[in-house]
$ cat my_file.txt   # compact mmCIF, C-alpha atoms
# COMPACT_ATOMS: atom_id res chain seq x y z
CA MET D 636 15.61 -3.98 -22.18
CA LEU D 637 17.83 -4.97 -19.32
CA GLY D 638 19.02 -2.66 -16.60
CA THR D 639 22.75 -2.21 -16.21
CA LEU D 640 24.40 -3.90 -13.27
CA THR D 641 27.44 -2.29 -11.74
CA SER D 642 30.31 -4.69 -11.35
CA GLY D 643 30.36 -6.24 -7.88
CA CYS D 644 27.23 -4.44 -6.81
CA VAL D 645 24.01 -6.26 -6.00
CA MET D 646 21.84 -3.20 -6.49
CA SER D 647 20.14 -3.08 -9.87
CA THR D 648 18.33 -0.28 -11.59
CA GLY D 649 14.60 0.27 -11.42
CA LEU D 650 12.03 -0.35 -14.08
CA SER D 651 11.05 1.82 -17.01
CA ASN D 652 7.63 3.42 -17.32
CA VAL D 653 6.60 0.96 -20.00
CA GLU D 654 7.67 -2.03 -17.93
CA LEU D 655 5.90 -0.64 -14.89
CA SER D 656 2.69 -0.03 -16.85
CA GLU D 657 2.74 -3.63 -18.06
CA LEU D 658 3.31 -4.93 -14.54
CA TYR D 659 0.49 -2.77 -13.22
CA LYS D 660 -1.91 -4.11 -15.84
CA LYS D 661 -0.83 -7.70 -15.29
CA TYR D 662 -0.31 -7.86 -11.53
CA GLY D 663 -2.07 -4.79 -10.09
CA HIS D 664 -5.19 -6.70 -9.04
CA LEU D 665 -3.12 -9.50 -7.54
CA VAL D 666 -1.00 -7.02 -5.57
CA LEU D 667 -4.18 -5.43 -4.22
CA ARG D 668 -5.72 -8.81 -3.46
CA ARG D 669 -2.69 -10.02 -1.52
CA SER D 670 -2.30 -6.70 0.32
CA ARG D 671 -5.94 -6.85 1.35
CA ALA D 672 -5.52 -10.41 2.56
CA ILE D 673 -2.49 -9.48 4.67
CA LEU D 674 -3.68 -6.12 5.95
CA GLY D 675 -7.40 -6.80 6.22
CA ASP D 676 -8.14 -3.23 5.22
CA GLN D 677 -9.07 -1.92 1.79
CA GLN D 678 -7.65 1.56 2.28
CA LEU D 679 -4.34 0.27 3.64
CA ALA D 680 -4.20 -2.19 0.75
CA GLU D 681 -4.50 0.74 -1.67
CA ASP D 682 -1.57 2.35 0.16
CA ALA D 683 0.40 -0.86 -0.20
CA LEU D 684 -0.36 -0.94 -3.93
CA GLN D 685 1.25 2.48 -4.31
CA ASN D 686 4.25 1.58 -2.17
CA VAL D 687 4.87 -1.69 -4.00
CA PHE D 688 4.99 -0.06 -7.41
CA LEU D 689 7.07 2.79 -6.08
CA LYS D 690 9.64 0.24 -4.93
CA LEU D 691 9.49 -1.53 -8.27
CA LEU D 692 9.98 1.78 -10.03
CA LYS D 693 13.16 2.43 -8.10
CA HIS D 694 14.60 -1.00 -7.38
CA GLY D 695 12.71 -3.50 -9.51
CA GLY D 696 15.43 -4.22 -12.06
CA ALA D 697 16.12 -7.69 -10.73
CA LEU D 698 12.54 -8.64 -11.55
CA ARG D 699 13.50 -8.93 -15.23
CA THR D 700 15.51 -12.07 -14.58
CA ALA D 701 13.35 -13.56 -11.83
CA GLU D 702 12.25 -17.15 -12.36
CA SER D 703 8.73 -16.40 -11.15
CA LYS D 704 7.88 -12.74 -11.53
CA LEU D 705 4.77 -13.02 -9.39
CA ALA D 706 6.69 -14.65 -6.52
CA TRP D 707 9.22 -11.81 -6.73
CA VAL D 708 6.49 -9.17 -6.73
CA TYR D 709 4.78 -10.89 -3.79
CA ARG D 710 7.94 -10.64 -1.70
CA VAL D 711 7.86 -6.87 -2.28
CA VAL D 712 4.15 -6.82 -1.40
CA ASP D 713 4.83 -8.72 1.82
CA ARG D 714 7.57 -6.32 2.90
CA CYS D 715 5.44 -3.27 2.14
CA CYS D 716 2.52 -4.74 4.08
CA TYR D 717 4.70 -5.58 7.09
CA ASP D 718 5.99 -2.00 7.05
CA LEU D 719 2.44 -0.65 6.96
CA LEU D 720 1.42 -2.92 9.82
CA LYS D 721 4.40 -1.70 11.81
CA THR D 722 3.46 1.92 11.12
CA ARG D 723 -0.15 1.29 12.06
CA ARG D 724 0.85 -0.42 15.31
CA ARG D 725 3.20 2.44 16.16
CA GLU D 726 0.58 5.09 15.46
CA ARG D 727 -2.37 3.34 17.09
CA PRO D 728 -1.95 4.50 20.73
CA THR D 729 -1.76 8.18 19.84
CA SER D 730 -3.88 8.15 16.73
CA GLU D 731 -6.84 10.46 16.74
CA THR D 732 -8.37 8.63 13.86
CA GLU D 733 -10.21 6.18 16.08
CA ASN D 734 -12.30 8.97 17.53
CA VAL D 735 -13.32 10.27 14.14
CA SER D 736 -16.73 9.24 12.92
CA VAL D 737 -16.23 6.73 10.15
CA PRO D 738 -18.49 6.93 7.11
CA GLU D 739 -20.70 3.91 6.79
CA GLN D 740 -19.60 1.14 4.40
CA GLU D 741 -16.27 2.79 3.77
CA THR D 742 -14.48 -0.54 3.69
CA PRO D 743 -16.24 -3.40 2.00
CA ASN D 744 -16.07 -6.45 4.24
CA LEU D 745 -15.07 -9.04 1.69
CA ASP D 746 -14.00 -11.79 4.04
CA PRO D 747 -14.72 -12.07 7.75
CA HIS D 748 -11.29 -13.62 8.31
CA GLU D 749 -9.36 -11.01 6.34
CA GLY D 750 -8.33 -9.11 9.45
CA LEU D 751 -7.04 -12.22 11.16
CA LEU D 752 -3.81 -12.44 9.19
CA ALA D 753 -3.14 -8.75 9.83
CA GLN D 754 -3.64 -9.21 13.58
CA LEU D 755 -1.45 -12.28 13.49
CA LEU D 756 1.36 -10.55 11.60
CA GLU D 757 1.32 -7.59 13.96
CA GLY D 758 2.32 -9.89 16.78
CA LEU D 759 5.22 -11.57 14.95
CA ASN D 760 8.82 -10.65 14.23
CA PRO D 761 9.92 -10.22 10.58
CA ASP D 762 11.12 -13.82 10.12
CA GLU D 763 7.94 -15.20 11.59
CA GLN D 764 5.87 -12.82 9.46
CA LEU D 765 7.43 -14.16 6.28
CA VAL D 766 6.90 -17.77 7.33
CA ALA D 767 3.29 -17.04 8.33
CA THR D 768 2.57 -15.45 4.95
CA LEU D 769 4.12 -18.32 3.01
CA LEU D 770 2.36 -20.97 5.07
CA TYR D 771 -1.08 -19.47 5.44
CA SER D 772 -1.44 -17.08 2.52
CA ASP D 773 0.51 -18.92 -0.18
CA GLY D 774 -0.36 -22.37 1.14
CA LEU D 775 3.20 -23.69 0.92
CA THR D 776 4.29 -26.72 2.93
CA GLN D 777 6.87 -26.35 5.69
CA GLY D 778 9.45 -28.00 3.43
CA GLU D 779 8.79 -25.49 0.64
CA VAL D 780 8.92 -22.60 3.10
CA SER D 781 12.20 -23.94 4.47
CA LYS D 782 13.73 -23.85 0.97
CA ARG D 783 12.25 -20.45 0.17
CA VAL D 784 13.51 -18.65 3.28
CA GLY D 785 16.77 -20.56 3.60
CA ARG D 786 16.08 -21.80 7.12
CA SER D 787 16.11 -25.35 8.46
CA ARG D 788 12.94 -27.37 8.62
CA GLN D 789 13.15 -27.37 12.43
CA THR D 790 13.30 -23.57 12.53
CA VAL D 791 10.28 -23.27 10.24
CA ASN D 792 8.46 -25.80 12.39
CA ARG D 793 9.29 -23.79 15.52
CA TYR D 794 8.00 -20.61 13.86
CA ALA D 795 4.85 -22.44 12.79
CA LYS D 796 4.19 -23.45 16.42
CA ILE D 797 4.61 -19.84 17.57
CA ILE D 798 2.28 -18.67 14.79
CA ARG D 799 -0.36 -21.29 15.61
CA ALA D 800 -0.22 -20.45 19.30
CA LEU D 801 -0.69 -16.76 18.57
CA ALA D 802 -3.52 -17.46 16.11
CA GLY D 803 -5.22 -19.53 18.80
CA ARG D 804 -4.93 -16.67 21.28
CA ILE D 805 -6.35 -14.20 18.76
CA LEU D 806 -9.29 -16.45 17.96
CA HIS D 807 -10.06 -17.08 21.62
CA GLU D 808 -9.48 -13.59 22.95
CA GLY D 809 -10.92 -11.74 19.95
CA ALA D 810 -7.90 -9.51 19.46
CA TYR D 811 -4.22 -9.64 20.09
CA VAL D 812 -2.87 -7.24 22.65
CA LYS D 813 0.90 -7.01 22.90
CA MET N 854 -9.52 -27.17 -1.19
CA THR N 855 -8.32 -30.74 -0.84
CA GLU N 856 -4.71 -31.77 -0.89
CA LEU N 857 -4.85 -32.57 -4.58
CA HIS N 858 -5.67 -29.01 -5.62
CA PRO N 859 -3.00 -26.46 -6.49
CA THR N 860 -2.51 -23.67 -3.95
CA PRO N 861 -4.09 -20.24 -4.52
CA PHE N 862 -0.60 -18.89 -5.16
CA GLN N 863 -0.04 -21.44 -7.94
CA LEU N 864 -3.39 -20.53 -9.46
CA GLU N 865 -2.52 -16.83 -9.28
CA ARG N 866 0.76 -17.54 -11.05
CA PHE N 867 -1.08 -19.52 -13.68
CA SER N 868 -3.64 -16.74 -14.16
CA SER N 869 -0.84 -14.27 -14.79
CA GLY N 870 0.53 -16.43 -17.59
CA GLU N 871 3.32 -18.32 -15.83
CA ARG N 872 3.90 -22.00 -16.51
CA VAL N 873 3.09 -23.91 -13.37
CA GLU N 874 3.62 -27.59 -12.74
CA VAL N 875 1.94 -29.36 -9.83
CA ARG N 876 3.11 -32.85 -8.94
CA GLY N 877 4.47 -33.39 -12.43
CA GLU N 878 1.28 -32.26 -14.13
CA GLN N 879 0.74 -29.01 -15.99
CA LEU N 880 -1.70 -26.90 -14.05
CA ALA N 881 -3.69 -26.16 -17.20
CA ALA N 882 -4.69 -29.83 -17.41
CA HIS N 883 -5.94 -29.80 -13.83
CA VAL N 884 -7.91 -26.60 -14.28
CA GLU N 885 -9.70 -27.99 -17.32
CA ARG N 886 -11.34 -30.72 -15.30
CA CYS N 887 -11.61 -29.03 -11.89
CA ALA N 888 -14.67 -26.79 -11.45
CA GLU N 889 -13.43 -25.40 -8.11
CA CYS N 890 -10.11 -24.20 -9.47
CA GLY N 891 -11.83 -22.97 -12.63
CA ALA N 892 -14.17 -20.88 -10.49
CA PHE N 893 -11.22 -19.43 -8.59
CA LEU N 894 -9.53 -18.47 -11.87
CA HIS N 895 -12.78 -16.92 -13.07
CA THR N 896 -12.88 -14.83 -9.87
CA LEU N 897 -9.37 -13.61 -10.60
CA VAL N 898 -10.37 -12.61 -14.12
CA LEU N 899 -13.35 -10.64 -12.77
CA GLU N 900 -11.20 -9.00 -10.11
CA LYS N 901 -8.70 -7.95 -12.75
CA ALA N 902 -11.43 -6.38 -14.88
CA GLN N 903 -12.86 -4.59 -11.85
CA PHE N 904 -9.41 -3.41 -10.79
CA LEU N 905 -8.64 -1.92 -14.18
CA ALA N 906 -12.06 -0.25 -14.31
CA THR N 907 -11.88 1.33 -10.86
CA HIS N 908 -8.21 2.33 -10.67
CA PRO N 909 -6.24 4.90 -12.63
CA ALA N 910 -5.13 3.96 -16.12
CA PRO N 911 -1.59 2.50 -16.16
CA THR N 912 -0.07 5.61 -17.72
CA THR N 913 -1.75 7.88 -15.14
CA PHE N 914 -0.71 5.58 -12.32
CA VAL N 915 2.91 5.52 -13.44
CA ARG N 916 2.96 9.29 -13.97
CA ASN N 917 1.70 9.81 -10.41
CA LEU N 918 4.34 7.42 -9.12
CA GLN N 919 7.05 9.32 -10.99
CA GLN N 920 5.87 12.55 -9.40
CA ARG N 921 5.90 10.94 -5.99
CA ALA N 922 9.35 9.49 -6.56
CA ALA N 923 10.68 12.88 -7.63
CA GLU N 924 9.81 14.51 -4.29
CA PRO N 925 12.39 14.26 -1.49
CA THR N 926 11.28 11.90 1.28
CA ALA N 927 12.62 10.85 4.63
CA TRP N 928 12.68 7.26 3.39
CA ARG N 929 15.13 8.11 0.60
CA THR N 930 17.36 9.95 3.01
CA VAL N 931 17.69 6.80 5.09
CA GLN N 932 18.37 4.72 2.00
CA SER N 933 21.22 6.98 1.00
CA TRP N 934 23.10 6.38 4.25
CA PRO N 935 26.17 4.18 3.94
CA VAL N 936 25.10 0.55 3.84
CA TRP N 937 27.74 -0.54 6.35
CA THR N 938 26.09 1.57 9.02
CA TRP N 939 23.17 -0.82 9.19
CA GLN N 940 24.98 -4.11 8.98
CA PRO N 941 24.55 -6.05 12.25
CA LYS N 942 28.09 -5.59 13.54
CA PHE N 943 27.86 -1.80 13.13
CA ARG N 944 24.28 -1.40 14.22
CA TRP N 945 24.95 -1.03 17.94
CA SER N 946 27.84 1.34 17.57
CA ALA N 947 25.88 3.40 15.06
CA SER N 948 22.97 3.62 17.47
CA PHE N 949 25.24 4.85 20.26
CA VAL N 950 26.82 7.45 17.99
CA LEU N 951 23.38 8.60 16.88
CA ALA N 952 22.15 8.84 20.48
CA ALA N 953 25.24 10.82 21.45
CA VAL N 954 24.70 13.23 18.57
CA VAL N 955 21.05 13.74 19.53
CA VAL N 956 21.96 14.43 23.17
CA ALA N 957 24.78 16.76 22.18
CA LEU N 958 22.48 18.69 19.86
CA HIS N 959 19.63 19.10 22.31
CA TRP N 960 21.31 19.39 25.70
CA PRO N 961 22.46 23.00 25.52
CA PHE N 962 19.51 24.14 23.40
CA PRO N 963 16.26 22.77 24.84
CA GLN N 964 14.21 25.34 22.97
CA GLN N 965 15.29 23.71 19.69
CA LEU N 966 13.74 20.45 20.82
CA HIS N 967 10.56 22.27 21.60
CA GLU N 968 10.56 23.86 18.17
CA ALA N 969 11.20 20.54 16.49
CA GLU N 970 8.11 19.07 18.15
CA ALA N 971 5.86 21.94 17.17
CA PRO N 972 3.21 20.82 14.70
CA PRO N 973 4.22 21.68 11.16
CA THR N 974 1.79 23.99 9.48
CA SER N 975 3.83 25.30 6.60
CA ALA N 976 3.18 24.39 3.01
CA SER N 977 6.60 22.76 2.70
CA ASP N 978 5.88 20.38 5.61
CA LEU N 979 2.64 19.39 4.01
CA ARG N 980 4.42 18.85 0.71
CA VAL N 981 6.77 16.37 2.34
CA PHE N 982 3.79 14.50 3.76
CA VAL N 983 1.96 14.54 0.46
CA ALA N 984 5.11 13.32 -1.28
CA LYS N 985 5.49 10.50 1.23
CA GLY N 986 1.86 9.54 1.11
CA GLY N 987 1.26 10.06 -2.59
CA ALA N 988 -2.36 9.29 -3.19
CA ASN N 989 -2.59 7.57 0.17
CA SER N 990 -4.06 10.27 2.33
CA LEU N 991 -6.88 11.36 0.00
CA ALA N 992 -10.06 9.46 -0.67
CA VAL N 993 -13.49 10.43 -1.92
CA ILE N 994 -16.72 9.23 -0.36
CA ARG N 995 -19.25 8.72 -3.11
CA LYS N 996 -22.86 8.39 -2.01
CA ARG N 997 -25.13 6.99 -4.68
CA GLN N 998 -28.69 6.58 -3.37
CA ALA N 999 -28.33 4.19 -0.38
CA ASP N 1000 -24.87 3.05 -1.39
CA GLN N 1001 -21.87 4.81 0.11
CA GLN N 1002 -18.32 3.93 -0.91
CA LEU N 1003 -14.86 5.17 -0.06
CA GLN N 1004 -12.81 5.37 -3.25
CA SER N 1005 -9.49 6.69 -4.41
CA GLY N 1006 -7.66 6.92 -7.72
CA ARG N 1007 -10.38 6.81 -10.37
CA ILE N 1008 -13.98 7.39 -9.37
CA SER N 1009 -16.92 7.03 -11.71
CA VAL N 1010 -19.74 9.53 -11.25
CA ILE N 1011 -23.31 9.82 -12.51
CA PRO N 1012 -25.98 12.49 -11.95
CA GLY N 1013 -27.17 12.61 -8.35
CA ASP N 1014 -23.92 11.28 -6.81
CA GLU N 1015 -22.90 13.12 -3.66
CA LEU N 1016 -19.18 13.52 -3.11
CA ARG N 1017 -17.25 14.22 0.07
CA VAL N 1018 -13.52 14.24 0.65
CA ARG N 1019 -11.73 12.26 3.32
CA PHE N 1020 -8.07 12.88 4.12
CA SER N 1021 -5.40 12.18 6.72
CA LEU N 1022 -2.83 14.57 8.13
CA PRO N 1023 0.31 13.78 10.13
CA ALA N 1024 0.10 17.10 11.97
CA ARG N 1025 -2.03 20.25 12.10
CA ALA N 1026 -2.04 21.90 8.70
CA LYS N 1027 -3.98 24.24 6.50
CA VAL N 1028 -5.39 22.40 3.51
CA ALA N 1029 -7.80 22.93 0.66
CA ALA N 1030 -9.61 20.76 -1.86
CA GLY N 1031 -11.64 21.33 -4.96
CA ILE N 1032 -12.52 19.88 -8.34
CA LEU N 1033 -10.80 21.01 -11.51
CA VAL N 1034 -13.38 20.22 -14.17
CA ASP N 1035 -12.01 19.24 -17.58
CA ASP N 1036 -13.43 22.41 -19.16
CA GLY N 1037 -11.27 24.45 -16.75
CA THR N 1038 -14.01 25.30 -14.25
CA TRP N 1039 -12.91 25.32 -10.63
CA VAL N 1040 -15.36 24.03 -8.00
CA PRO N 1041 -13.99 24.61 -4.48
CA PHE N 1042 -14.72 21.96 -1.85
CA PHE N 1043 -13.37 23.45 1.35
CA GLU N 1044 -10.39 25.21 2.84
CA GLY N 1045 -9.35 25.29 6.47
CA GLU N 1046 -6.93 24.27 9.19
CA PHE N 1047 -7.21 20.73 10.53
CA GLU N 1048 -5.58 18.79 13.35
CA ALA N 1049 -3.57 15.60 12.81
CA GLY N 1050 -5.69 12.57 12.03
CA THR N 1051 -8.36 11.62 9.54
CA HIS N 1052 -11.06 14.09 8.60
CA THR N 1053 -14.24 14.04 6.58
CA PRO N 1054 -15.42 17.63 6.19
CA GLU N 1055 -19.14 18.17 5.84
CA ALA N 1056 -18.79 19.92 2.48
CA THR N 1057 -20.71 17.88 -0.09
CA LEU N 1058 -20.87 18.31 -3.85
CA THR N 1059 -23.73 16.88 -5.86
CA VAL N 1060 -23.10 15.84 -9.45
CA ASP N 1061 -25.64 17.40 -11.81
CA SER N 1062 -26.83 16.07 -15.17
CA ASN N 1063 -24.30 18.06 -17.14
CA PRO N 1064 -21.77 15.50 -18.49
CA SER N 1065 -18.35 16.40 -17.15
CA SER N 1066 -15.24 14.78 -15.75
CA GLY N 1067 -12.55 16.31 -13.62
CA THR N 1068 -9.92 15.87 -10.96
CA VAL N 1069 -10.14 16.36 -7.22
CA LEU N 1070 -7.10 18.32 -6.02
CA PHE N 1071 -5.98 18.28 -2.38
CA GLY N 1072 -3.02 19.91 -0.66
CA SER N 1073 -1.95 23.17 0.91
CA PRO N 1074 -4.06 26.10 -0.37
CA ALA N 1075 -1.04 27.53 -2.18
CA ASP N 1076 -0.21 24.25 -3.89
CA VAL N 1077 -3.81 23.64 -4.91
CA GLU N 1078 -3.95 27.14 -6.33
CA HIS N 1079 -0.66 26.53 -8.14
CA ALA N 1080 -1.93 23.25 -9.54
CA ARG N 1081 -5.17 24.64 -10.91
CA THR N 1082 -3.70 27.81 -12.35
CA GLN N 1083 -0.25 26.65 -13.48
CA GLY N 1084 -0.93 22.97 -14.13
CA ASN N 1085 1.79 21.84 -11.72
CA PHE N 1086 0.32 18.81 -9.98
CA ALA N 1087 3.48 17.50 -8.33
CA ARG N 1088 2.62 18.89 -4.93
CA VAL N 1089 -1.03 17.98 -4.65
CA GLU N 1090 -2.89 14.74 -4.27
CA MET N 1091 -5.41 13.84 -6.91
CA ALA N 1092 -8.40 11.64 -7.53
CA GLU N 1093 -9.88 11.36 -10.99
CA LEU N 1094 -13.63 11.78 -11.48
CA VAL N 1095 -14.88 10.01 -14.60
CA TRP N 1096 -18.33 10.68 -16.02
CA THR N 1097 -20.24 7.44 -16.59
CA GLY N 1098 -23.71 8.95 -16.84
CA PRO N 1099 -25.65 9.50 -20.06
CA PRO N 1100 -23.80 11.53 -22.71
$ encode --input "my_file.txt" --output "structure tokens"
Amino acid sequence: MLGTLTSGCVMSTGLSNVELSELYKKYGHLVLRRSRAILGDQQLAEDALQNVFLKLLKHGGALRTAESKLAWVYRVVDRCCYDLLKTRRRERPTSETENVSVPEQETPNLDPHEGLLAQLLEGLNPDEQLVATLLYSDGLTQGEVSKRVGRSRQTVNRYAKIIRALAGRILHEGAYVK
Amino acid sequence: MTELHPTPFQLERFSSGERVEVRGEQLAAHVERCAECGAFLHTLVLEKAQFLATHPAPTTFVRNLQQRAAEPTAWRTVQSWPVWTWQPKFRWSASFVLAAVVVALHWPFPQQLHEAEAPPTSASDLRVFVAKGGANSLAVIRKRQADQQLQSGRISVIPGDELRVRFSLPARAKVAAGILVDDGTWVPFFEGEFEAGTHTPEATLTVDSNPSSGTVLFGSPADVEHARTQGNFARVEMAELVWTGPP
């Protein structure tokens, strides 16, 4: 069942409940996995899972004709995760949550490097964030990233240098402070 | 992984049923002879099974999303603004206009600014937050012997499990939580006024040996009351408790 497209308008309709249920069954674990890898936080990843499917519910119509559905879903995941990182960064200085006693083992530490990508992304602008995710989470080459984001190879290479420099600082200094 | 292996993204695509070709070869052929990639795919299969077992059923998940989408949110308000306003060439002028409007509104009436910054405590403010956060701000801490886990969505329980609620608030608000057992029994957790931030009240419920499932309800006291008596769950956050002990 295809969503109706208004003539001359790039906005498409959302997805039906049945379509969304199928997507959830098929891609839910992958959405959570990728969110956790980007955000480095199980609870935030659960938030991202909700936000991703909420966006698909409202604006996911174009997914029906996507060449790779997973790639399309991952772009939504990336955007949702970047938004959550931005919110977390904005709230951090005034947040009272850091003073609250945290229950033990509340977040399973699945990978010691999981938080690194989140720290890295927090220090990058949106274009650099996308390139960082494609290079270091998806494992694409610079040429493939260049095609995917519609930027020249030199630009992607420049972003990659910025990303590597920041990653080096994070690894040496323990945490990135803007 | 060496250079000859497909990327994790390609393997994830393959695991979700997409046709993937790597350097002119079907990925299926590579996976058949590569133990490392086979192990990665096996991990994905296990993760999928675990995900489906520990998260709400698809129909429940979608129903909750529909409820969340039906509530008015600040995000939707922004989306409904004219698109041209946020195109680059209009962005600066729009920002100046917005700044001028804010100054004009607040300059002669400083008390309004003060009121706007006052922490929201009303049920309607909390509803907006709950609608924005959906199931995001509620989690249940399940302590099972020495193991303690923070869970949300669908939580399996057995006799002896100790449950506590953890939640986040954007501003000071009066909230309540409790468990609506499937047989209609209401087990209150706590009720009180909390500051902005994340809280884990001391109230603990221990699961007894009587087989029962239910739903944790969280929200303003009025909305929780409305949900448990009228069955209107649109304004509360929920976590499902599923009995997995002996029948």
$ closest_residue --input "my_file.txt" --among "D:Ile805, D:Leu698, D:Val708, D:Leu775" --to "chain N" --atoms "only C-alpha atoms"
D:Leu775
$ atom_distance --input "my_file.txt" --atom1 "CA of Phe1071 (chain N)" --atom2 "CA of Thr1038 (chain N)"
16.0 Å
$ interface_residues --input "my_file.txt" --of "chain N" --to "chain D" --cutoff "9 Å" --atoms "all atoms listed in the file" --output "ChimeraX atom specification"
/N:860-863,865-866,869,871,897,900-905,910-912,914-916,918-919,921-922,986-990,992,994,1000-1005,1021,1049-1053
$ closest_residue --input "my_file.txt" --among "D:Leu759, D:Val711, D:Val784, D:Ala697" --to "Gly649 (chain D)" --atoms "only C-alpha atoms"
D:Ala697
$ residues_near_point --input "my_file.txt" --point "(12.6, -30.8, 6.3)" --cutoff "8 Å" --atoms "all atoms listed in the file" --output "PDB file with C-alpha atoms, in the frame of the given file"
ATOM      1  CA  GLN D 777       6.870 -26.350   5.690  1.00  0.00           C
ATOM      2  CA  GLY D 778       9.450 -28.000   3.430  1.00  0.00           C
ATOM      3  CA  SER D 781      12.200 -23.940   4.470  1.00  0.00           C
ATOM      4  CA  SER D 787      16.110 -25.350   8.460  1.00  0.00           C
ATOM      5  CA  ARG D 788      12.940 -27.370   8.620  1.00  0.00           C
ATOM      6  CA  GLN D 789      13.150 -27.370  12.430  1.00  0.00           C
TER       7      GLN D 789
END
$ atom_distance --input "my_file.txt" --atom1 "CA of Asn1063 (chain N)" --atom2 "CA of Glu1090 (chain N)"
25.2 Å
$ closest_residue --input "my_file.txt" --among "D:Thr768, D:Thr776, D:Asp676, D:Arg783" --to "Ile798 (chain D)" --atoms "only C-alpha atoms"
D:Thr768
